[in-house]
Amino acid sequence: MFNHWNSKSQFDCLEKMLDTRKCIDRILKQELAGTSLSIREWEILTYLKNNVQANTSELASNFGLSRASISRTSGKLIAERLIKSRINQLNRREIRMTLTAAGLNKVKEVEHQIHHNSQKAKKMHEFSFLHNCFTDLEQKLVELRLTE
C-alpha cells in the first residue's frame with residue numbers, strides 16, 4: 001500500500017505540474033496576442049536581451065528543448081533580422097547569437113503590448129487558476145514528502 005500511495009502522489013504532482021505549465025502557456029499566448037511572436041521566439045529574444053549573447057546549446061539547455069528546435073526558431077528570427085549570428089573566432093564550430101537593433105526595438109514593442117494585454121480583466125481568472133495550481137502542487141509535494 002505504501003508504494004501505491006507514493007506512486008499516486010508522484011502522479012498527482014506530475015499532473016499538477018502539467019496543469020500549471022498549460023496555464024502558464026495560456027497566459028503567455030494571451031499576453032503575446034497581436035505581437036506576431038510565438039512563446040519560443042519571445043523566450044529567445046528576452047534571453048538574448050538579458051544575457052547579450054548565447055549559442056544554440058545554451059538556449060536548448062535553458063529552455064529544455066532540442067538544439068534542432070532552437071535552430072529552427074532562431075533561424076526564423078535571423079531571417080526577420082531580429083537576431084544575428086556570428087562565428088566564435090576561438091571555436092569556429094560555435095555560433096553566437098545576439099539581438100540586432102531591430103530585435104531590441106521588437107522586444108520593447110512586445111513588452112509594451114504585453115503590458116497592454118495584461119490589463120484585460122480576463123487575466124484575473126487565469127492568475128487565480130495559476131495560484132490554485134501552485135497551491136495544490138505545494139500540498140501534493142508535502143504529502144509526497146510525508147510518504148517517503
# chains A, B, ... in the order shown; residues from 1 in each chain; ligands from 1
>>> residues_around(residues="Asn62 of chain A", least_positions_apart="6", cutoff="10 Å", atoms="only C-alpha atoms", output="ChimeraX atom specification")
/A:44,47,56
>>> write_last_selection(atoms="N, CA, C and O atoms", output="mmCIF file, in the first residue's frame")
data_model
loop_
_atom_site.group_PDB
_atom_site.id
_atom_site.type_symbol
_atom_site.label_atom_id
_atom_site.label_comp_id
_atom_site.auth_asym_id
_atom_site.auth_seq_id
_atom_site.Cartn_x
_atom_site.Cartn_y
_atom_site.Cartn_z
ATOM 1 N N ILE A 44 13.456 33.404 -26.574
ATOM 2 C CA ILE A 44 14.807 33.595 -27.115
ATOM 3 C C ILE A 44 15.165 35.077 -27.125
ATOM 4 O O ILE A 44 16.264 35.465 -26.700
ATOM 5 N N TYR A 47 15.775 36.257 -23.597
ATOM 6 C CA TYR A 47 17.020 35.679 -23.078
ATOM 7 C C TYR A 47 18.213 36.466 -23.615
ATOM 8 O O TYR A 47 19.127 36.822 -22.867
ATOM 9 N N THR A 56 23.322 27.990 -29.510
ATOM 10 C CA THR A 56 22.183 27.083 -29.584
ATOM 11 C C THR A 56 22.140 26.125 -28.397
ATOM 12 O O THR A 56 21.082 25.889 -27.819
#
>>> residues_around(residues="His112 of chain A", least_positions_apart="6", cutoff="12 Å", atoms="only C-alpha atoms", output="JSON, numbers by chain")
{"A": [31, 32, 33, 34, 35, 105, 106, 118, 119]}
>>> residues_around(residues="Asp19 of chain A", least_positions_apart="6", cutoff="10 Å", atoms="only C-alpha atoms", output="number ranges by chain")
A: 13, 25, 129-130, 133-134, 137
>>> closest_residue(among="A:Asn132, A:Thr73, A:Gln53, A:Gln89", to="Ser38 of chain A", atoms="only C-alpha atoms")
A:Thr73
>>> select_by_dssp(residues="segment 73-110 of chain A", states="alpha helix (DSSP H)", output="PyMOL selection string")
chain A and resi 73-79+101-110
>>> closest_atom_pairs(of="segment 101-140 of chain A", to="segment 78-87 of chain A", cutoff="8 Å", atoms="only C-alpha atoms", output="CSV")
residue,atom,partner,partner_atom,distance
A:Ala101,CA,A:Leu82,CA,7.5
A:Ala102,CA,A:Leu82,CA,5.5
A:Gly103,CA,A:Leu82,CA,3.8
A:Leu104,CA,A:Leu82,CA,7.5
A:Lys106,CA,A:Leu82,CA,7.5
>>> write_last_selection(atoms="N, CA and C atoms", output="mmCIF file, in the first residue's frame")
data_model
loop_
_atom_site.group_PDB
_atom_site.id
_atom_site.type_symbol
_atom_site.label_atom_id
_atom_site.label_comp_id
_atom_site.auth_asym_id
_atom_site.auth_seq_id
_atom_site.Cartn_x
_atom_site.Cartn_y
_atom_site.Cartn_z
ATOM 1 N N ALA A 101 19.524 45.736 -33.541
ATOM 2 C CA ALA A 101 18.799 46.944 -33.112
ATOM 3 C C ALA A 101 17.301 46.747 -33.349
ATOM 4 N N ALA A 102 16.950 46.123 -34.478
ATOM 5 C CA ALA A 102 15.535 45.843 -34.764
ATOM 6 C C ALA A 102 14.978 44.864 -33.736
ATOM 7 N N GLY A 103 15.789 43.907 -33.317
ATOM 8 C CA GLY A 103 15.364 42.951 -32.298
ATOM 9 C C GLY A 103 15.106 43.621 -30.966
ATOM 10 N N LEU A 104 15.987 44.528 -30.584
ATOM 11 C CA LEU A 104 15.797 45.258 -29.334
ATOM 12 C C LEU A 104 14.541 46.121 -29.404
ATOM 13 N N LYS A 106 11.936 45.444 -31.229
ATOM 14 C CA LYS A 106 10.815 44.500 -31.187
ATOM 15 C C LYS A 106 10.536 44.083 -29.746
#
>>> decode(residues="segment 13-110 of chain A", atoms="C-alpha atoms", output="mmCIF file, in the first residue's frame")
data_model
loop_
_atom_site.group_PDB
_atom_site.id
_atom_site.type_symbol
_atom_site.label_atom_id
_atom_site.label_comp_id
_atom_site.auth_asym_id
_atom_site.auth_seq_id
_atom_site.Cartn_x
_atom_site.Cartn_y
_atom_site.Cartn_z
ATOM 1 C CA CYS A 13 2.331 16.037 -8.604
ATOM 2 C CA LEU A 14 3.156 15.491 -12.257
ATOM 3 C CA GLU A 15 -0.448 16.125 -13.204
ATOM 4 C CA LYS A 16 -0.468 19.404 -11.252
ATOM 5 C CA MET A 17 2.810 20.475 -12.867
ATOM 6 C CA LEU A 18 1.327 19.802 -16.289
ATOM 7 C CA ASP A 19 -1.805 21.817 -15.413
ATOM 8 C CA THR A 20 0.432 24.636 -14.207
ATOM 9 C CA ARG A 21 2.509 24.593 -17.400
ATOM 10 C CA LYS A 22 -0.652 24.647 -19.541
ATOM 11 C CA CYS A 23 -1.958 27.630 -17.584
ATOM 12 C CA ILE A 24 1.338 29.484 -17.956
ATOM 13 C CA ASP A 25 1.317 28.789 -21.704
ATOM 14 C CA ARG A 26 -2.262 30.141 -21.965
ATOM 15 C CA ILE A 27 -1.266 33.302 -20.127
ATOM 16 C CA LEU A 28 1.806 33.774 -22.326
ATOM 17 C CA LYS A 29 -0.228 33.251 -25.504
ATOM 18 C CA GLN A 30 -2.755 35.836 -24.334
ATOM 19 C CA GLU A 31 -0.021 38.293 -23.449
ATOM 20 C CA LEU A 32 1.697 37.792 -26.799
ATOM 21 C CA ALA A 33 -1.542 38.291 -28.754
ATOM 22 C CA GLY A 34 -1.028 40.823 -31.514
ATOM 23 C CA THR A 35 2.777 40.631 -31.439
ATOM 24 C CA SER A 36 3.346 38.064 -34.229
ATOM 25 C CA LEU A 37 5.744 36.171 -31.951
ATOM 26 C CA SER A 38 5.461 32.652 -30.613
ATOM 27 C CA ILE A 39 6.234 31.873 -26.987
ATOM 28 C CA ARG A 40 9.535 30.271 -28.028
ATOM 29 C CA GLU A 41 10.561 33.281 -30.132
ATOM 30 C CA TRP A 42 9.732 35.594 -27.247
ATOM 31 C CA GLU A 43 11.759 33.465 -24.837
ATOM 32 C CA ILE A 44 14.807 33.595 -27.115
ATOM 33 C CA LEU A 45 14.537 37.356 -27.638
ATOM 34 C CA THR A 46 14.198 38.085 -23.930
ATOM 35 C CA TYR A 47 17.020 35.679 -23.078
ATOM 36 C CA LEU A 48 19.298 37.500 -25.519
ATOM 37 C CA LYS A 49 18.177 40.862 -24.147
ATOM 38 C CA ASN A 50 19.094 39.780 -20.623
ATOM 39 C CA ASN A 51 22.258 37.808 -21.466
ATOM 40 C CA VAL A 52 23.588 39.738 -24.501
ATOM 41 C CA GLN A 53 24.577 36.596 -26.427
ATOM 42 C CA ALA A 54 24.093 32.837 -26.473
ATOM 43 C CA ASN A 55 24.667 29.764 -28.587
ATOM 44 C CA THR A 56 22.183 27.083 -29.584
ATOM 45 C CA SER A 57 23.333 24.630 -26.898
ATOM 46 C CA GLU A 58 22.978 27.226 -24.151
ATOM 47 C CA LEU A 59 19.459 28.142 -25.267
ATOM 48 C CA ALA A 60 18.438 24.496 -25.622
ATOM 49 C CA SER A 61 19.711 23.754 -22.134
ATOM 50 C CA ASN A 62 17.967 26.752 -20.574
ATOM 51 C CA PHE A 63 14.621 26.025 -22.230
ATOM 52 C CA GLY A 64 14.750 22.233 -22.030
ATOM 53 C CA LEU A 65 14.479 21.861 -25.803
ATOM 54 C CA SER A 66 16.473 20.204 -28.540
ATOM 55 C CA ARG A 67 19.153 22.149 -30.368
ATOM 56 C CA ALA A 68 17.237 21.468 -33.599
ATOM 57 C CA SER A 69 14.146 23.190 -32.191
ATOM 58 C CA ILE A 70 16.200 26.195 -31.098
ATOM 59 C CA SER A 71 17.917 26.302 -34.505
ATOM 60 C CA ARG A 72 14.572 26.393 -36.327
ATOM 61 C CA THR A 73 13.254 29.173 -34.120
ATOM 62 C CA SER A 74 16.457 31.211 -34.184
ATOM 63 C CA GLY A 75 16.654 30.747 -37.962
ATOM 64 C CA LYS A 76 13.271 32.428 -38.285
ATOM 65 C CA LEU A 77 14.409 35.280 -36.021
ATOM 66 C CA ILE A 78 17.593 35.668 -38.081
ATOM 67 C CA ALA A 79 15.530 35.780 -41.302
ATOM 68 C CA GLU A 80 13.400 38.517 -39.729
ATOM 69 C CA ARG A 81 16.625 40.347 -38.783
ATOM 70 C CA LEU A 82 15.710 40.365 -35.081
ATOM 71 C CA ILE A 83 18.861 38.487 -34.111
ATOM 72 C CA LYS A 84 22.191 37.992 -35.819
ATOM 73 C CA SER A 85 24.656 35.176 -35.615
ATOM 74 C CA ARG A 86 28.407 35.180 -35.824
ATOM 75 C CA ILE A 87 31.039 32.519 -35.631
ATOM 76 C CA ASN A 88 33.116 32.384 -32.459
ATOM 77 C CA GLN A 89 36.695 33.066 -33.575
ATOM 78 C CA LEU A 90 38.103 30.839 -30.800
ATOM 79 C CA ASN A 91 35.855 27.894 -31.660
ATOM 80 C CA ARG A 92 34.698 28.068 -35.263
ATOM 81 C CA ARG A 93 32.051 25.377 -34.652
ATOM 82 C CA GLU A 94 30.253 27.662 -32.204
ATOM 83 C CA ILE A 95 27.834 30.291 -33.449
ATOM 84 C CA ARG A 96 26.900 33.077 -31.033
ATOM 85 C CA MET A 97 23.586 34.912 -31.390
ATOM 86 C CA THR A 98 22.829 38.471 -30.325
ATOM 87 C CA LEU A 99 19.931 40.881 -30.690
ATOM 88 C CA THR A 100 20.005 43.360 -33.546
ATOM 89 C CA ALA A 101 18.799 46.944 -33.112
ATOM 90 C CA ALA A 102 15.535 45.843 -34.764
ATOM 91 C CA GLY A 103 15.364 42.951 -32.298
ATOM 92 C CA LEU A 104 15.797 45.258 -29.334
ATOM 93 C CA ASN A 105 13.076 47.545 -30.725
ATOM 94 C CA LYS A 106 10.815 44.500 -31.187
ATOM 95 C CA VAL A 107 11.401 43.457 -27.558
ATOM 96 C CA LYS A 108 10.424 46.950 -26.365
ATOM 97 C CA GLU A 109 7.340 46.938 -28.610
ATOM 98 C CA VAL A 110 6.287 43.493 -27.368
#
